[in-house]
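Q: One structure is given below, represented as structure tokens, and several questions about it will come after.
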Amino acid sequence: MLSSFDLFKVGLGPSSSHTTGPMKAALRFVHYLAAQMQAQKVHKLDVRLYGSLALTGAGHHTDRAVLLGLSGLRPETLIPSDADAAIAAIQKSQTLMLGGKIKIDFDPKADIRFEGQTSLPFHTNGLRFNAFNGDGDLIASRIYYSVGGGFVVDEDEAGRNARDDVTITPKHPFTNSEELLAQADEAGLSIAQVMLENECAHRPRAEVLAGLDDIWGHMQASMNHGLRREGMLPGTLKVRRRAPGLYLKLRVNNPDPKQSCERSDWVNLWAMAVNEENASGGRVVTAPTNGAAGVLPAVINYYQHFVPGADGDGVRNFLLTAAAIGGLYKRNASISGAEVGCQGEVGVACSMAAGALAAVLGGTNAQIENAAEIGMEHNLGMTCDPVGGLVQIPCIERNAFGAAMAIQAARLALLGDGKHAISLDEVIKTMFETGRDMSTKYKETSQGGLAVNIVEC
């Protein structure tokens with residue numbers, strides 16, 4: 001089973017699959033060289049990006065992420081300003097410190113190649129790392145795939161159809177929503193309690209609760225940074241950050257969100273703040289991806305500000321419930337925009353947030369499952385067509401709409417008794433099939449949709 005702490009990961013924007021994943025892949029290659037006793041022999045590296053990683057890699061900072069990973073840096077601990085300094089140093093010196101220890105020549109423009117017309121067999125987000133010795137002989141070569149949400153598999157794991165999940169041996173095992181509901185009913189537990197007991201099979205309860213609090217703390221930090229940082233987002237689109245201005249307007253009318261009649265405006269603001277921070281390369285939490293990182297924090301803030309009796313336990317239950325739902329999509333479908341379109345990112349985030357909100361509003365397990373199903377059903381077929389290969393248009397506003405839809409899905413489910421025509425398992429299966437049938441140009445390639453029908457300025 002997938003742990004909550006694998007689904008919710010701290011990393012740098014703008015993309016979990018195109019930034020965090022490639023950075024982890026590069027770091028894994030460094031570790032592979034060390035394990036094979038080849039690191040000291042490396043004189044030159046050649047890196048190739050394939051498919052979606054190549055087509056939108058420049059706008060998603062994939063090349064930068066590779067440099068950082070090869071330098072031995074980790075996405076969960078790297079400070080964004082330090083990343084800029086490290087990249088500038090490599091570009092200026094035309095060298096990098098492999099694993100932070102071994103100096104080698106490296107020209108980013110020549111040694112990282114974008115092979116956009118070629119896709120590797122397992123997943124469109126493929127990377128190949130080649131290492132050569134001083135005589136020009138190839139001494140190591142590995143392929144990695146960034147499969148969404150910051151998860152990475154190597155060529156051997158891909159051959160076994162494995163996943164880069166740190167699995168746990170659960171007390172209440174489930175592989176789909178039907179089994180999840182059955183396990184919960186048999187044990188007399190909520191979905192959040194099932195997840196908590198499963199997490200406690202892997203680490204102490206106090207550590208689990210502290211970890212959940214830490215996740216929420218990082219989500220809040222990214223939101224607060226986004227509310228205060230003004231200026232233009234990086235890239236050719238010249239998109240101005242809107243969250244700080246909206247924040248000031250809302251505070252003039254209602255300094256305390258709890259007293260506001262403009263709840264939807266606040267939800268929009270919170271979601272956009274997170275994703276503007278993500279678009280700038282800031283620190284966010286995959287939920288389940290960076291491109292959809294604003295949906296869950298915005299809905300949790302809605303819960304905290306507008307639901308009487310909201311507390312820290314409720315936030316933990318929200319995250320646990322969301323993780324249970326997100327894990328079903330990761331296991332049985334995909335959370336990769338390059339594989340299934342944005343229905344696998346904002347659509348999944350909407351489903352996770354809808355079910356989680358229903359849970360903390362007192363919904364039954366059946367109502368929670370219904371809310372999650374509604375949250376995805378009306379996102380089916382949503383394309384991933386980032387303009388200019390940047391996680392800005394339509395991605396930032398799309399998170400606001402995902403959060404709003406999640407709230408409505410939860411409220412609609414709570415009006416019913418949990419009985420409904422389409423199950424969550426059926427909608428997850430449909431989402432995956434829809435994504436597989438979708439034209440490649442609508443799956444994070446910037447070759448269709450808005451990406452080709454507006455003029456970049």
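Following the order of the structure tokens, chains are lettered A, B, ..., residues in each are numbered from 1, and ligands are numbered from 1.
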Taking 4 positions as the minimum chain separation for residues in the same chain, which residues sit within 12 Å of Ala372 of chain A when counting only C-alpha atoms? Answer as a PyMOL selection string.

A: chain A and resi 177+321-326+328-329+347-359+363+365-368+376-379+405-414+418+420+422-428

Q: Can you write out as CSV which residues of segment 9-33 of chain A fall within 12 Å of segment 54-61 of chain A, alongside each residue's closest atom pair and its distance in Å to one decimal, counting only C-alpha atoms and ordering rows by chain and ascending residue number?

A:
```
residue,atom,partner,partner_atom,distance
A:Leu12,CA,A:His61,CA,10.1
A:Gly13,CA,A:His60,CA,8.1
A:Pro14,CA,A:His60,CA,5.9
A:Ser15,CA,A:His60,CA,6.2
A:Ser16,CA,A:His60,CA,9.4
A:Ser17,CA,A:His60,CA,9.2
A:His18,CA,A:His60,CA,5.9
A:Thr19,CA,A:His61,CA,6.0
A:Thr20,CA,A:His61,CA,9.6
A:Gly21,CA,A:His61,CA,11.3
A:Pro22,CA,A:His61,CA,9.7
A:Met23,CA,A:His61,CA,10.0
```

Q: Residues near Glu345 of chain A, anyone? I mean within 6 Å using only C-alpha atoms, not counting same-chain ones fewer than 3 positions away, as a PDB file with N, CA and C atoms, in the first residue's frame.

A:
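What landed in out_28.pdb:
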```pdb
ATOM      1  N   ALA A 292      -1.232  20.374  -9.209  1.00  0.00           N
ATOM      2  CA  ALA A 292      -2.520  20.397  -8.514  1.00  0.00           C
ATOM      3  C   ALA A 292      -2.349  20.685  -7.027  1.00  0.00           C
ATOM      4  N   ILE A 335      -1.613   9.489 -11.909  1.00  0.00           N
ATOM      5  CA  ILE A 335      -1.673  10.883 -11.484  1.00  0.00           C
ATOM      6  C   ILE A 335      -0.695  11.711 -12.311  1.00  0.00           C
ATOM      7  N   CYS A 342      -4.917  16.409 -17.471  1.00  0.00           N
ATOM      8  CA  CYS A 342      -5.071  17.073 -16.173  1.00  0.00           C
ATOM      9  C   CYS A 342      -6.155  16.435 -15.312  1.00  0.00           C
ATOM     10  N   VAL A 348      -7.873  14.465  -9.947  1.00  0.00           N
ATOM     11  CA  VAL A 348      -7.637  13.598  -8.786  1.00  0.00           C
ATOM     12  C   VAL A 348      -7.603  14.421  -7.501  1.00  0.00           C
TER      13      VAL A 348
END
```

Q: So how far away is atom CA of Phe106 of chain A from atom CA of Ile79 of chain A, in Å?

A: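 These two atoms are separated by 22.8 Å.
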
Q: As a PyMOL selection string, please: every residue in segment 16-101 of chain A that DSSP puts in alpha helix (DSSP H).

A: chain A and resi 21-35+51-55+62-70+80-93

Q: Take the selection from the previous step and output its residues with N, CA and C atoms, as a compact mmCIF listing (two decimals), in the first residue's frame.

A:
```
# COMPACT_ATOMS: atom_id res chain seq x y z
N GLY A 21 10.57 14.78 -10.09
CA GLY A 21 10.91 13.44 -10.56
C GLY A 21 12.27 13.38 -11.25
N PRO A 22 12.53 14.23 -12.25
CA PRO A 22 13.84 14.20 -12.88
C PRO A 22 15.00 14.49 -11.93
N MET A 23 14.76 15.35 -10.95
CA MET A 23 15.81 15.62 -9.96
C MET A 23 16.11 14.36 -9.16
N LYS A 24 15.08 13.64 -8.77
CA LYS A 24 15.27 12.38 -8.05
C LYS A 24 15.92 11.33 -8.94
N ALA A 25 15.55 11.31 -10.22
CA ALA A 25 16.14 10.35 -11.16
C ALA A 25 17.64 10.60 -11.30
N ALA A 26 18.03 11.87 -11.43
CA ALA A 26 19.45 12.20 -11.54
C ALA A 26 20.21 11.79 -10.30
N LEU A 27 19.59 12.02 -9.14
CA LEU A 27 20.24 11.63 -7.89
C LEU A 27 20.36 10.12 -7.79
N ARG A 28 19.35 9.40 -8.27
CA ARG A 28 19.43 7.94 -8.28
C ARG A 28 20.55 7.45 -9.18
N PHE A 29 20.78 8.14 -10.31
CA PHE A 29 21.87 7.75 -11.19
C PHE A 29 23.22 7.97 -10.50
N VAL A 30 23.34 9.05 -9.76
CA VAL A 30 24.57 9.29 -8.99
C VAL A 30 24.80 8.16 -8.00
N HIS A 31 23.75 7.74 -7.31
CA HIS A 31 23.87 6.64 -6.35
C HIS A 31 24.20 5.33 -7.07
N TYR A 32 23.64 5.15 -8.25
CA TYR A 32 23.94 3.95 -9.04
C TYR A 32 25.42 3.92 -9.41
N LEU A 33 25.96 5.05 -9.85
CA LEU A 33 27.39 5.10 -10.18
C LEU A 33 28.25 4.75 -8.98
N ALA A 34 27.87 5.27 -7.83
CA ALA A 34 28.64 4.98 -6.61
C ALA A 34 28.56 3.51 -6.26
N ALA A 35 27.37 2.92 -6.38
CA ALA A 35 27.20 1.50 -6.04
C ALA A 35 27.99 0.60 -6.99
N GLY A 51 10.02 12.47 -24.91
CA GLY A 51 8.58 12.66 -24.84
C GLY A 51 8.18 13.97 -24.20
N SER A 52 7.23 13.89 -23.28
CA SER A 52 6.72 15.08 -22.62
C SER A 52 7.80 15.83 -21.85
N LEU A 53 8.75 15.10 -21.28
CA LEU A 53 9.84 15.76 -20.55
C LEU A 53 10.62 16.69 -21.46
N ALA A 54 10.75 16.31 -22.72
CA ALA A 54 11.47 17.15 -23.68
C ALA A 54 10.59 18.27 -24.21
N LEU A 55 9.34 17.96 -24.51
CA LEU A 55 8.45 18.93 -25.15
C LEU A 55 8.12 20.10 -24.24
N THR A 62 12.98 21.18 -16.24
CA THR A 62 13.49 19.81 -16.15
C THR A 62 15.01 19.77 -16.26
N ASP A 63 15.57 20.57 -17.17
CA ASP A 63 17.03 20.59 -17.31
C ASP A 63 17.71 21.09 -16.04
N ARG A 64 17.12 22.09 -15.40
CA ARG A 64 17.65 22.59 -14.13
C ARG A 64 17.58 21.51 -13.05
N ALA A 65 16.47 20.80 -13.03
CA ALA A 65 16.29 19.75 -12.02
C ALA A 65 17.33 18.66 -12.17
N VAL A 66 17.66 18.30 -13.41
CA VAL A 66 18.68 17.28 -13.67
C VAL A 66 20.03 17.75 -13.13
N LEU A 67 20.37 19.00 -13.37
CA LEU A 67 21.64 19.53 -12.86
C LEU A 67 21.70 19.47 -11.34
N LEU A 68 20.60 19.81 -10.70
CA LEU A 68 20.57 19.80 -9.24
C LEU A 68 20.70 18.38 -8.69
N GLY A 69 20.00 17.45 -9.31
CA GLY A 69 20.09 16.06 -8.87
C GLY A 69 21.47 15.48 -9.08
N LEU A 70 22.08 15.76 -10.22
CA LEU A 70 23.44 15.28 -10.47
C LEU A 70 24.43 15.87 -9.47
N PRO A 80 14.82 27.04 -2.50
CA PRO A 80 14.71 27.55 -3.87
C PRO A 80 15.80 28.53 -4.26
N SER A 81 16.16 29.46 -3.38
CA SER A 81 17.20 30.44 -3.72
C SER A 81 18.55 29.76 -3.90
N ASP A 82 18.80 28.69 -3.14
CA ASP A 82 20.05 27.94 -3.31
C ASP A 82 20.09 27.23 -4.67
N ALA A 83 18.92 26.82 -5.14
CA ALA A 83 18.85 26.17 -6.45
C ALA A 83 19.29 27.14 -7.54
N ASP A 84 18.82 28.37 -7.47
CA ASP A 84 19.21 29.37 -8.47
C ASP A 84 20.72 29.59 -8.45
N ALA A 85 21.29 29.68 -7.27
CA ALA A 85 22.73 29.91 -7.16
C ALA A 85 23.52 28.72 -7.71
N ALA A 86 23.05 27.50 -7.43
CA ALA A 86 23.75 26.31 -7.91
C ALA A 86 23.71 26.22 -9.43
N ILE A 87 22.57 26.53 -10.03
CA ILE A 87 22.44 26.50 -11.49
C ILE A 87 23.35 27.54 -12.12
N ALA A 88 23.35 28.74 -11.56
CA ALA A 88 24.18 29.81 -12.10
C ALA A 88 25.66 29.44 -12.07
N ALA A 89 26.08 28.78 -11.00
CA ALA A 89 27.48 28.38 -10.87
C ALA A 89 27.86 27.35 -11.92
N ILE A 90 26.98 26.40 -12.18
CA ILE A 90 27.24 25.37 -13.20
C ILE A 90 27.33 26.00 -14.58
N GLN A 91 26.38 26.89 -14.88
CA GLN A 91 26.36 27.53 -16.19
C GLN A 91 27.60 28.40 -16.42
N LYS A 92 28.05 29.06 -15.38
CA LYS A 92 29.21 29.94 -15.52
C LYS A 92 30.51 29.16 -15.67
N SER A 93 30.68 28.11 -14.86
CA SER A 93 31.95 27.36 -14.85
C SER A 93 31.99 26.24 -15.88
```

Q: For Arg251 of chain A, work out the shell of residues within 12 Å, counting only C-alpha atoms and skipping chain neighbours fewer than 3 positions away, then give it as a list in words.

A: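 Residues meeting the cut-off are Leu227, Pro244, Gly245, Leu246, Tyr247, Leu248, Asn254, Pro255, Asp256, Pro257, Lys258, Gln259, Ser260, Glu262, Asp265, Trp266 and Leu269 of chain A.
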
Q: With N, CA and C atoms kept, could you save the residues just selected as a PDB file, in the first residue's frame?

A:
```pdb
ATOM      1  N   LEU A 227       0.740  34.444  -0.929  1.00  0.00           N
ATOM      2  CA  LEU A 227      -0.120  35.597  -0.631  1.00  0.00           C
ATOM      3  C   LEU A 227       0.659  36.900  -0.566  1.00  0.00           C
ATOM      4  N   PRO A 244      -1.402  38.302  -4.219  1.00  0.00           N
ATOM      5  CA  PRO A 244      -1.213  39.390  -3.250  1.00  0.00           C
ATOM      6  C   PRO A 244      -2.243  40.510  -3.399  1.00  0.00           C
ATOM      7  N   GLY A 245      -2.548  40.904  -4.645  1.00  0.00           N
ATOM      8  CA  GLY A 245      -3.533  41.947  -4.861  1.00  0.00           C
ATOM      9  C   GLY A 245      -4.930  41.529  -4.431  1.00  0.00           C
ATOM     10  N   LEU A 246      -5.309  40.296  -4.756  1.00  0.00           N
ATOM     11  CA  LEU A 246      -6.621  39.790  -4.339  1.00  0.00           C
ATOM     12  C   LEU A 246      -6.718  39.715  -2.821  1.00  0.00           C
ATOM     13  N   TYR A 247      -5.612  39.323  -2.204  1.00  0.00           N
ATOM     14  CA  TYR A 247      -5.563  39.223  -0.738  1.00  0.00           C
ATOM     15  C   TYR A 247      -5.840  40.582  -0.102  1.00  0.00           C
ATOM     16  N   LEU A 248      -5.214  41.631  -0.615  1.00  0.00           N
ATOM     17  CA  LEU A 248      -5.422  42.974  -0.070  1.00  0.00           C
ATOM     18  C   LEU A 248      -6.874  43.418  -0.264  1.00  0.00           C
ATOM     19  N   ASN A 254     -13.241  42.366   4.288  1.00  0.00           N
ATOM     20  CA  ASN A 254     -13.440  41.472   5.432  1.00  0.00           C
ATOM     21  C   ASN A 254     -12.085  41.018   5.951  1.00  0.00           C
ATOM     22  N   PRO A 255     -11.517  41.727   6.915  1.00  0.00           N
ATOM     23  CA  PRO A 255     -10.191  41.355   7.425  1.00  0.00           C
ATOM     24  C   PRO A 255     -10.124  39.923   7.941  1.00  0.00           C
ATOM     25  N   ASP A 256     -11.228  39.400   8.479  1.00  0.00           N
ATOM     26  CA  ASP A 256     -11.266  38.036   8.996  1.00  0.00           C
ATOM     27  C   ASP A 256     -12.093  37.180   8.046  1.00  0.00           C
ATOM     28  N   PRO A 257     -11.461  36.210   7.378  1.00  0.00           N
ATOM     29  CA  PRO A 257     -12.228  35.361   6.446  1.00  0.00           C
ATOM     30  C   PRO A 257     -13.439  34.713   7.096  1.00  0.00           C
ATOM     31  N   LYS A 258     -13.375  34.421   8.388  1.00  0.00           N
ATOM     32  CA  LYS A 258     -14.483  33.746   9.064  1.00  0.00           C
ATOM     33  C   LYS A 258     -15.743  34.586   9.074  1.00  0.00           C
ATOM     34  N   GLN A 259     -15.576  35.912   8.950  1.00  0.00           N
ATOM     35  CA  GLN A 259     -16.729  36.804   8.962  1.00  0.00           C
ATOM     36  C   GLN A 259     -17.176  37.173   7.545  1.00  0.00           C
ATOM     37  N   SER A 260     -16.534  36.575   6.558  1.00  0.00           N
ATOM     38  CA  SER A 260     -16.773  36.971   5.168  1.00  0.00           C
ATOM     39  C   SER A 260     -17.960  36.241   4.559  1.00  0.00           C
ATOM     40  N   GLU A 262     -17.909  36.201   1.315  1.00  0.00           N
ATOM     41  CA  GLU A 262     -17.284  35.913   0.025  1.00  0.00           C
ATOM     42  C   GLU A 262     -16.409  34.670   0.133  1.00  0.00           C
ATOM     43  N   ASP A 265     -14.483  33.480  -2.938  1.00  0.00           N
ATOM     44  CA  ASP A 265     -13.341  34.323  -3.279  1.00  0.00           C
ATOM     45  C   ASP A 265     -12.110  33.928  -2.474  1.00  0.00           C
ATOM     46  N   TRP A 266     -12.307  33.621  -1.206  1.00  0.00           N
ATOM     47  CA  TRP A 266     -11.184  33.201  -0.372  1.00  0.00           C
ATOM     48  C   TRP A 266     -10.623  31.853  -0.835  1.00  0.00           C
ATOM     49  N   LEU A 269      -8.584  32.419  -3.860  1.00  0.00           N
ATOM     50  CA  LEU A 269      -7.325  33.062  -3.478  1.00  0.00           C
ATOM     51  C   LEU A 269      -6.329  32.055  -2.928  1.00  0.00           C
TER      52      LEU A 269
END
```
